[in-house]
$ cat work.txt   # compact mmCIF, C-alpha atoms
# COMPACT_ATOMS: atom_id res chain seq x y z
CA ILE D 3 8.30 20.54 12.06
CA TYR D 4 10.55 19.64 9.15
CA GLY D 5 10.76 22.10 6.29
CA GLY D 6 8.81 24.69 8.24
CA TYR D 7 5.90 22.28 8.70
CA THR D 8 5.69 21.65 4.92
CA THR D 9 7.59 18.39 4.33
CA GLU D 10 4.78 16.03 5.25
CA ALA D 11 2.33 17.59 2.77
CA GLU D 12 4.97 17.64 0.04
CA PHE D 13 5.66 13.95 0.66
CA GLY D 14 1.92 13.23 0.51
CA LYS D 15 1.61 14.91 -2.89
CA ALA D 16 4.64 13.04 -4.24
CA PHE D 17 3.43 9.74 -2.81
CA VAL D 18 0.06 10.02 -4.54
CA GLU D 19 1.82 10.73 -7.85
CA THR D 20 3.91 7.54 -7.56
CA GLY D 21 0.88 5.27 -7.58
CA ILE D 22 2.55 3.02 -5.00
CA ASP D 23 0.06 0.90 -3.04
CA ARG D 24 -0.39 2.41 0.45
CA LYS D 25 -0.30 -1.02 2.05
CA SER D 26 3.20 -1.64 0.70
CA ILE D 27 4.82 1.07 2.85
CA GLN D 28 4.79 2.22 6.45
CA LEU D 29 4.01 5.83 7.29
CA ILE D 30 5.23 7.21 10.60
CA SER D 31 4.53 10.71 11.86
CA LYS D 32 5.25 12.67 15.02
CA CYS D 33 3.67 15.48 16.98
CA GLY D 34 4.49 17.64 19.95
CA ILE D 35 7.24 20.11 19.08
CA GLN D 36 5.96 23.61 18.45
CA LEU D 37 8.58 25.79 16.80
CA PRO D 38 8.12 29.53 16.24
CA ASP D 39 6.12 29.80 13.02
CA GLU D 40 3.97 32.69 11.79
CA ASN D 41 1.60 30.45 9.84
CA ARG D 42 0.83 28.38 12.95
CA GLY D 43 0.75 31.33 15.33
CA ASN D 44 3.64 29.97 17.41
CA ARG D 45 5.83 32.66 18.94
CA VAL D 46 7.77 30.52 21.43
CA LYS D 47 9.26 27.02 21.10
CA HIS D 48 7.41 24.58 23.34
CA TYR D 49 6.00 21.05 23.51
CA GLN D 50 2.27 20.42 23.33
CA TYR D 51 0.48 17.20 24.28
CA GLU D 52 -3.11 18.07 25.16
CA ALA D 53 -5.61 15.52 23.83
CA LYS D 54 -7.24 17.98 21.42
CA TYR D 55 -3.85 18.88 19.94
CA ILE D 56 -2.67 15.26 19.59
CA LYS D 57 -5.90 14.30 17.81
CA SER D 58 -5.78 17.32 15.49
CA GLN D 59 -2.13 16.64 14.60
CA ALA D 60 -2.81 12.98 13.79
CA GLU D 61 -5.70 14.06 11.57
CA GLN D 62 -3.54 16.77 9.97
CA SER D 63 -0.89 14.15 9.20
CA LEU D 64 -3.53 11.96 7.54
CA SER D 65 -4.64 14.91 5.44
CA ASN D 66 -1.07 15.93 4.59
CA LEU D 67 -0.08 12.38 3.65
CA LYS D 68 -3.34 11.75 1.80
CA CYS D 69 -3.98 8.46 3.55
CA ASP D 70 -6.52 6.85 5.87
CA TYR D 71 -4.20 5.69 8.62
CA LEU D 72 -0.70 6.04 10.06
CA ASP D 73 1.26 2.91 10.79
CA VAL D 74 2.93 4.60 13.76
CA PHE D 75 2.26 7.90 15.55
CA LEU D 76 5.01 9.21 17.84
CA LEU D 77 5.26 11.86 20.52
CA HIS D 78 8.33 13.75 19.32
CA ARG D 79 10.01 14.82 22.60
CA PRO D 80 9.00 14.52 26.23
CA SER D 81 7.49 17.41 28.14
CA PRO D 82 7.47 17.77 31.91
CA LEU D 83 3.84 18.89 31.54
CA MET D 84 2.62 15.68 29.84
CA GLN D 85 -0.50 14.15 31.31
CA PHE D 86 -0.05 10.43 30.70
CA GLU D 87 -3.69 9.49 31.24
CA GLU D 88 -4.88 12.17 28.80
CA ILE D 89 -2.36 11.00 26.20
CA ALA D 90 -3.45 7.39 26.65
CA LEU D 91 -7.14 8.22 26.20
CA VAL D 92 -6.67 10.19 22.98
CA VAL D 93 -4.25 7.64 21.48
CA GLU D 94 -6.61 4.76 22.27
CA GLY D 95 -9.37 6.74 20.58
CA LEU D 96 -7.23 7.25 17.47
CA LYS D 97 -6.54 3.51 17.41
CA ARG D 98 -10.24 2.64 17.77
CA GLU D 99 -11.06 5.01 14.90
CA GLY D 100 -8.47 3.24 12.74
CA LYS D 101 -6.42 6.41 12.31
CA ILE D 102 -3.27 4.92 13.82
CA LYS D 103 -2.11 1.33 14.19
CA TYR D 104 0.75 1.74 16.66
CA PHE D 105 1.90 4.35 19.14
CA GLY D 106 5.37 5.35 20.21
CA VAL D 107 7.77 7.99 21.41
CA SER D 108 10.91 9.72 20.23
CA ASN D 109 13.75 10.89 22.49
CA PHE D 110 12.12 9.66 25.71
CA THR D 111 14.19 8.29 28.57
CA LEU D 112 13.60 4.77 29.82
CA LYS D 113 11.92 6.16 32.95
CA GLN D 114 9.56 8.31 30.86
CA ILE D 115 8.66 5.28 28.71
CA GLU D 116 8.13 3.23 31.85
CA LEU D 117 5.76 5.85 33.30
CA LEU D 118 3.81 6.25 30.05
CA SER D 119 3.57 2.45 29.69
CA ARG D 120 1.51 2.35 32.89
CA TYR D 121 -1.29 3.97 30.87
CA ILE D 122 -0.76 2.82 27.29
CA SER D 123 1.38 0.34 25.40
CA VAL D 124 4.44 1.98 23.85
CA ASP D 125 5.04 0.05 20.64
CA MET D 126 8.02 1.97 19.23
CA SER D 127 10.81 4.20 20.43
CA GLN D 128 12.93 6.36 18.20
CA LEU D 129 16.28 7.34 19.65
CA GLN D 130 19.61 8.78 18.64
CA CYS D 131 21.82 5.81 17.99
CA SER D 132 24.87 5.48 15.74
CA LEU D 133 28.59 4.77 15.64
CA THR D 134 29.22 8.27 17.00
CA HIS D 135 26.34 8.18 19.52
CA TYR D 136 26.64 4.66 20.87
CA GLU D 137 25.34 5.02 24.44
CA PRO D 138 22.17 3.00 23.69
CA PHE D 139 24.41 0.03 22.84
CA MET D 140 26.15 0.32 26.20
CA ASP D 141 23.55 1.49 28.75
CA ASP D 142 20.91 -1.27 28.50
CA THR D 143 18.48 0.89 26.50
CA LEU D 144 18.25 -1.64 23.67
CA HIS D 145 17.92 -4.49 26.18
CA TYR D 146 15.01 -2.67 27.84
CA TYR D 147 13.29 -2.25 24.45
CA LYS D 148 13.78 -5.93 23.60
CA GLU D 149 12.54 -7.06 27.02
CA ASN D 150 9.44 -4.85 26.69
CA GLN D 151 8.79 -5.64 23.01
CA ILE D 152 9.32 -2.03 21.93
CA THR D 153 10.35 -1.69 18.29
CA THR D 154 13.45 0.43 17.98
CA THR D 155 14.18 2.96 15.29
CA ALA D 156 17.10 5.37 15.14
CA TRP D 157 17.45 8.94 14.06
CA SER D 158 20.80 10.22 12.81
CA SER D 159 21.72 6.58 12.31
CA LEU D 160 24.80 7.44 10.25
CA GLY D 161 26.14 9.56 13.09
CA ASP D 162 28.22 12.68 12.90
CA VAL D 163 31.02 12.39 10.36
CA ASN D 164 32.69 15.49 11.83
CA VAL D 165 33.07 13.68 15.16
CA ILE D 166 34.73 10.72 13.42
CA GLU D 167 37.08 13.03 11.51
CA SER D 168 37.99 14.91 14.71
CA ASN D 169 38.73 11.67 16.55
CA GLN D 170 40.96 10.45 13.72
CA LYS D 171 42.98 13.69 13.85
CA LEU D 172 43.60 13.16 17.57
CA LYS D 173 45.28 9.80 16.98
$ encode --input "work.txt" --output "structure tokens"
Amino acid sequence: IYGGYTTEAEFGKAFVETGIDRKSIQLISKCGIQLPDENRGNRVKHYQYEAKYIKSQAEQSLSNLKCDYLDVFLLHRPSPLMQFEEIALVVEGLKREGKIKYFGVSNFTLKQIELLSRYISVDMSQLQCSLTHYEPFMDDTLHYYKENQITTTAWSSLGDVNVIESNQKLK
């Protein structure tokens, strides 16, 4: 979704130009969020997780990034309409085909991860976690990940500087 669905392809072009060995880096991509976009025919923001869509987005990421496999493929945000069994089947297929090595989620609750884990191993979870958004340090989220061998990665890891500045003014 970043850069109006253009960032991944731009990165792929730049990566090829660097000549860096593919095996020396990890590539992670996400799917699921559909923002309004004329080029994609999206008129309404929604989340999409049908098997056909997940497979096509993984393959699109491979094409955009000009590579043969993704190290990690994430579902970007949860949807109440997700069909866990369908997701598990398509992700296992992508793994068997060598298109993805690991599977994960982004912005899922612990309960949603627990439910999905009944059908497929969740290898990674991306969450908002920083000095200004510290709930995961306090609410056992990180303990759950450790206990269940889920690799953790953070988005907005530097936090919100404006929040820090506002808090300092209050003192």
$ closest_residue --input "work.txt" --among "D:Ser159, D:Arg79, D:Phe110, D:Ile152" --to "Tyr136 (chain D)" --atoms "all atoms listed in the file"
D:Ser159
$ residues_around --input "work.txt" --residues "Gly14 (chain D)" --least-positions-apart "2" --cutoff "12 Å" --atoms "only C-alpha atoms" --output "list in words"
Thr8, Thr9, Glu10, Ala11, Glu12, Ala16, Phe17, Val18, Glu19, Thr20, Gly21, Ile22, Arg24, Leu29, Ser31, Gln62, Ser63, Leu64, Ser65, Asn66, Leu67, Lys68, Cys69 and Asp70 of chain D
$ closest_residue --input "work.txt" --among "D:Ser127, D:Gln36, D:Thr134, D:Asn109" --to "Gln59 (chain D)" --atoms "all atoms listed in the file"
D:Gln36
$ atom_distance --input "work.txt" --atom1 "CA of Tyr71 (chain D)" --atom2 "CA of Asn41 (chain D)"
25.5 Å
$ closest_residue --input "work.txt" --among "D:Glu87, D:Glu99, D:Glu149, D:Glu94" --to "Leu118 (chain D)" --atoms "all atoms listed in the file"
D:Glu87
$ closest_residue --input "work.txt" --among "D:Val124, D:Cys33, D:Leu112, D:Ile27" --to "Tyr146 (chain D)" --atoms "all atoms listed in the file"
D:Leu112
$ atom_distance --input "work.txt" --atom1 "CA of Ile56 (chain D)" --atom2 "CA of Thr154 (chain D)"
22.0 Å
$ residues_around --input "work.txt" --residues "Gly34 (chain D)" --least-positions-apart "4" --cutoff "7 Å" --atoms "only C-alpha atoms" --output "list in words"
Tyr49, Gln50, Tyr51, Leu77, His78 and Arg79 of chain D
$ residues_around --input "work.txt" --residues "Leu96 (chain D)" --least-positions-apart "2" --cutoff "12 Å" --atoms "only C-alpha atoms" --output "list in words"
Ala53, Lys54, Ile56, Lys57, Ser58, Gln59, Ala60, Glu61, Leu64, Asp70, Tyr71, Leu72, Asp73, Val74, Phe75, Ile89, Ala90, Leu91, Val92, Val93, Glu94, Arg98, Glu99, Gly100, Lys101, Ile102, Lys103, Tyr104 and Phe105 of chain D
$ atom_distance --input "work.txt" --atom1 "CA of Gly43 (chain D)" --atom2 "CA of Pro80 (chain D)"
21.7 Å
$ closest_residue --input "work.txt" --among "D:Leu133, D:Gly95, D:Thr153, D:Gly6" --to "Val107 (chain D)" --atoms "all atoms listed in the file"
D:Thr153
$ residues_around --input "work.txt" --residues "Leu129 (chain D)" --least-positions-apart "2" --cutoff "7 Å" --atoms "only C-alpha atoms" --output "MDAnalysis selection string"
chainID D and resid 108:109 127 131 155:157
$ closest_residue --input "work.txt" --among "D:Gln128, D:Thr143, D:Ser158, D:Ser123" --to "Lys97 (chain D)" --atoms "only C-alpha atoms"
D:Ser123
$ decode --input "work.txt" --residues "region 121-132 of chain D" --atoms "all heavy atoms" --output "JSON list (two decimals), in the first residue's frame"
[["chain", "number", "residue", "atom", "x", "y", "z"],
["D", 121, "TYR", "N", -4.43, -23.39, 12.81],
["D", 121, "TYR", "CA", -4.42, -23.87, 11.44],
["D", 121, "TYR", "C", -3.06, -23.81, 10.77],
["D", 121, "TYR", "O", -2.79, -24.57, 9.85],
["D", 121, "TYR", "CB", -5.43, -23.06, 10.60],
["D", 121, "TYR", "CG", -6.82, -23.16, 11.14],
["D", 121, "TYR", "CD1", -7.31, -22.20, 12.02],
["D", 121, "TYR", "CD2", -7.65, -24.23, 10.82],
["D", 121, "TYR", "CE1", -8.59, -22.29, 12.54],
["D", 121, "TYR", "CE2", -8.93, -24.34, 11.34],
["D", 121, "TYR", "CZ", -9.39, -23.36, 12.21],
["D", 121, "TYR", "OH", -10.64, -23.46, 12.73],
["D", 122, "ILE", "N", -2.23, -22.87, 11.22],
["D", 122, "ILE", "CA", -0.91, -22.69, 10.60],
["D", 122, "ILE", "C", 0.02, -22.03, 11.61],
["D", 122, "ILE", "O", -0.42, -21.22, 12.43],
["D", 122, "ILE", "CB", -1.00, -21.84, 9.32],
["D", 122, "ILE", "CG1", 0.35, -21.83, 8.60],
["D", 122, "ILE", "CG2", -1.51, -20.44, 9.58],
["D", 122, "ILE", "CD1", 0.28, -21.33, 7.17],
["D", 123, "SER", "N", 1.28, -22.37, 11.53],
["D", 123, "SER", "CA", 2.28, -21.77, 12.42],
["D", 123, "SER", "C", 2.48, -20.30, 12.07],
["D", 123, "SER", "O", 2.72, -19.95, 10.92],
["D", 123, "SER", "CB", 3.60, -22.52, 12.28],
["D", 123, "SER", "OG", 4.60, -21.90, 13.05],
["D", 124, "VAL", "N", 2.36, -19.45, 13.07],
["D", 124, "VAL", "CA", 2.64, -18.02, 12.90],
["D", 124, "VAL", "C", 4.07, -17.80, 13.37],
["D", 124, "VAL", "O", 4.38, -17.94, 14.54],
["D", 124, "VAL", "CB", 1.64, -17.16, 13.71],
["D", 124, "VAL", "CG1", 2.01, -15.68, 13.63],
["D", 124, "VAL", "CG2", 0.21, -17.38, 13.21],
["D", 125, "ASP", "N", 4.94, -17.48, 12.42],
["D", 125, "ASP", "CA", 6.36, -17.37, 12.71],
["D", 125, "ASP", "C", 6.79, -15.98, 13.16],
["D", 125, "ASP", "O", 7.80, -15.84, 13.85],
["D", 125, "ASP", "CB", 7.17, -17.73, 11.45],
["D", 125, "ASP", "CG", 6.83, -19.11, 10.93],
["D", 125, "ASP", "OD1", 6.94, -20.08, 11.69],
["D", 125, "ASP", "OD2", 6.45, -19.22, 9.74],
["D", 126, "MET", "N", 6.04, -14.96, 12.75],
["D", 126, "MET", "CA", 6.43, -13.58, 13.06],
["D", 126, "MET", "C", 5.18, -12.74, 13.32],
["D", 126, "MET", "O", 4.13, -12.98, 12.73],
["D", 126, "MET", "CB", 7.21, -12.96, 11.90],
["D", 126, "MET", "CG", 7.58, -11.50, 12.13],
["D", 126, "MET", "SD", 8.47, -10.76, 10.73],
["D", 126, "MET", "CE", 10.12, -11.37, 11.12],
["D", 127, "SER", "N", 5.34, -11.78, 14.21],
["D", 127, "SER", "CA", 4.28, -10.81, 14.43],
["D", 127, "SER", "C", 4.89, -9.42, 14.47],
["D", 127, "SER", "O", 5.85, -9.17, 15.20],
["D", 127, "SER", "CB", 3.53, -11.08, 15.74],
["D", 127, "SER", "OG", 2.50, -10.12, 15.91],
["D", 128, "GLN", "N", 4.32, -8.55, 13.66],
["D", 128, "GLN", "CA", 4.75, -7.15, 13.65],
["D", 128, "GLN", "C", 3.70, -6.37, 14.44],
["D", 128, "GLN", "O", 2.50, -6.52, 14.23],
["D", 128, "GLN", "CB", 4.81, -6.64, 12.22],
["D", 128, "GLN", "CG", 5.27, -5.21, 12.12],
["D", 128, "GLN", "CD", 5.20, -4.68, 10.71],
["D", 128, "GLN", "OE1", 4.20, -4.82, 10.03],
["D", 128, "GLN", "NE2", 6.30, -4.08, 10.26],
["D", 129, "LEU", "N", 4.17, -5.54, 15.36],
["D", 129, "LEU", "CA", 3.26, -4.78, 16.19],
["D", 129, "LEU", "C", 3.80, -3.38, 16.43],
["D", 129, "LEU", "O", 4.98, -3.12, 16.24],
["D", 129, "LEU", "CB", 3.01, -5.48, 17.53],
["D", 129, "LEU", "CG", 4.14, -5.45, 18.55],
["D", 129, "LEU", "CD1", 3.57, -5.76, 19.92],
["D", 129, "LEU", "CD2", 5.25, -6.41, 18.23],
["D", 130, "GLN", "N", 2.91, -2.50, 16.84],
["D", 130, "GLN", "CA", 3.35, -1.16, 17.23],
["D", 130, "GLN", "C", 3.95, -1.27, 18.62],
["D", 130, "GLN", "O", 3.31, -1.72, 19.56],
["D", 130, "GLN", "CB", 2.18, -0.18, 17.23],
["D", 130, "GLN", "CG", 2.62, 1.24, 17.50],
["D", 130, "GLN", "CD", 1.47, 2.23, 17.46],
["D", 130, "GLN", "OE1", 0.31, 1.87, 17.39],
["D", 130, "GLN", "NE2", 1.81, 3.50, 17.49],
["D", 131, "CYS", "N", 5.20, -0.84, 18.72],
["D", 131, "CYS", "CA", 5.91, -0.99, 19.98],
["D", 131, "CYS", "C", 7.04, 0.04, 20.01],
["D", 131, "CYS", "O", 7.88, 0.06, 19.11],
["D", 131, "CYS", "CB", 6.47, -2.40, 20.08],
["D", 131, "CYS", "SG", 7.21, -2.81, 21.65],
["D", 132, "SER", "N", 7.04, 0.90, 21.03],
["D", 132, "SER", "CA", 8.06, 1.94, 21.13],
["D", 132, "SER", "C", 8.03, 2.55, 22.52],
["D", 132, "SER", "O", 7.22, 2.16, 23.37],
["D", 132, "SER", "CB", 7.80, 3.03, 20.09],
["D", 132, "SER", "OG", 6.61, 3.73, 20.41]]
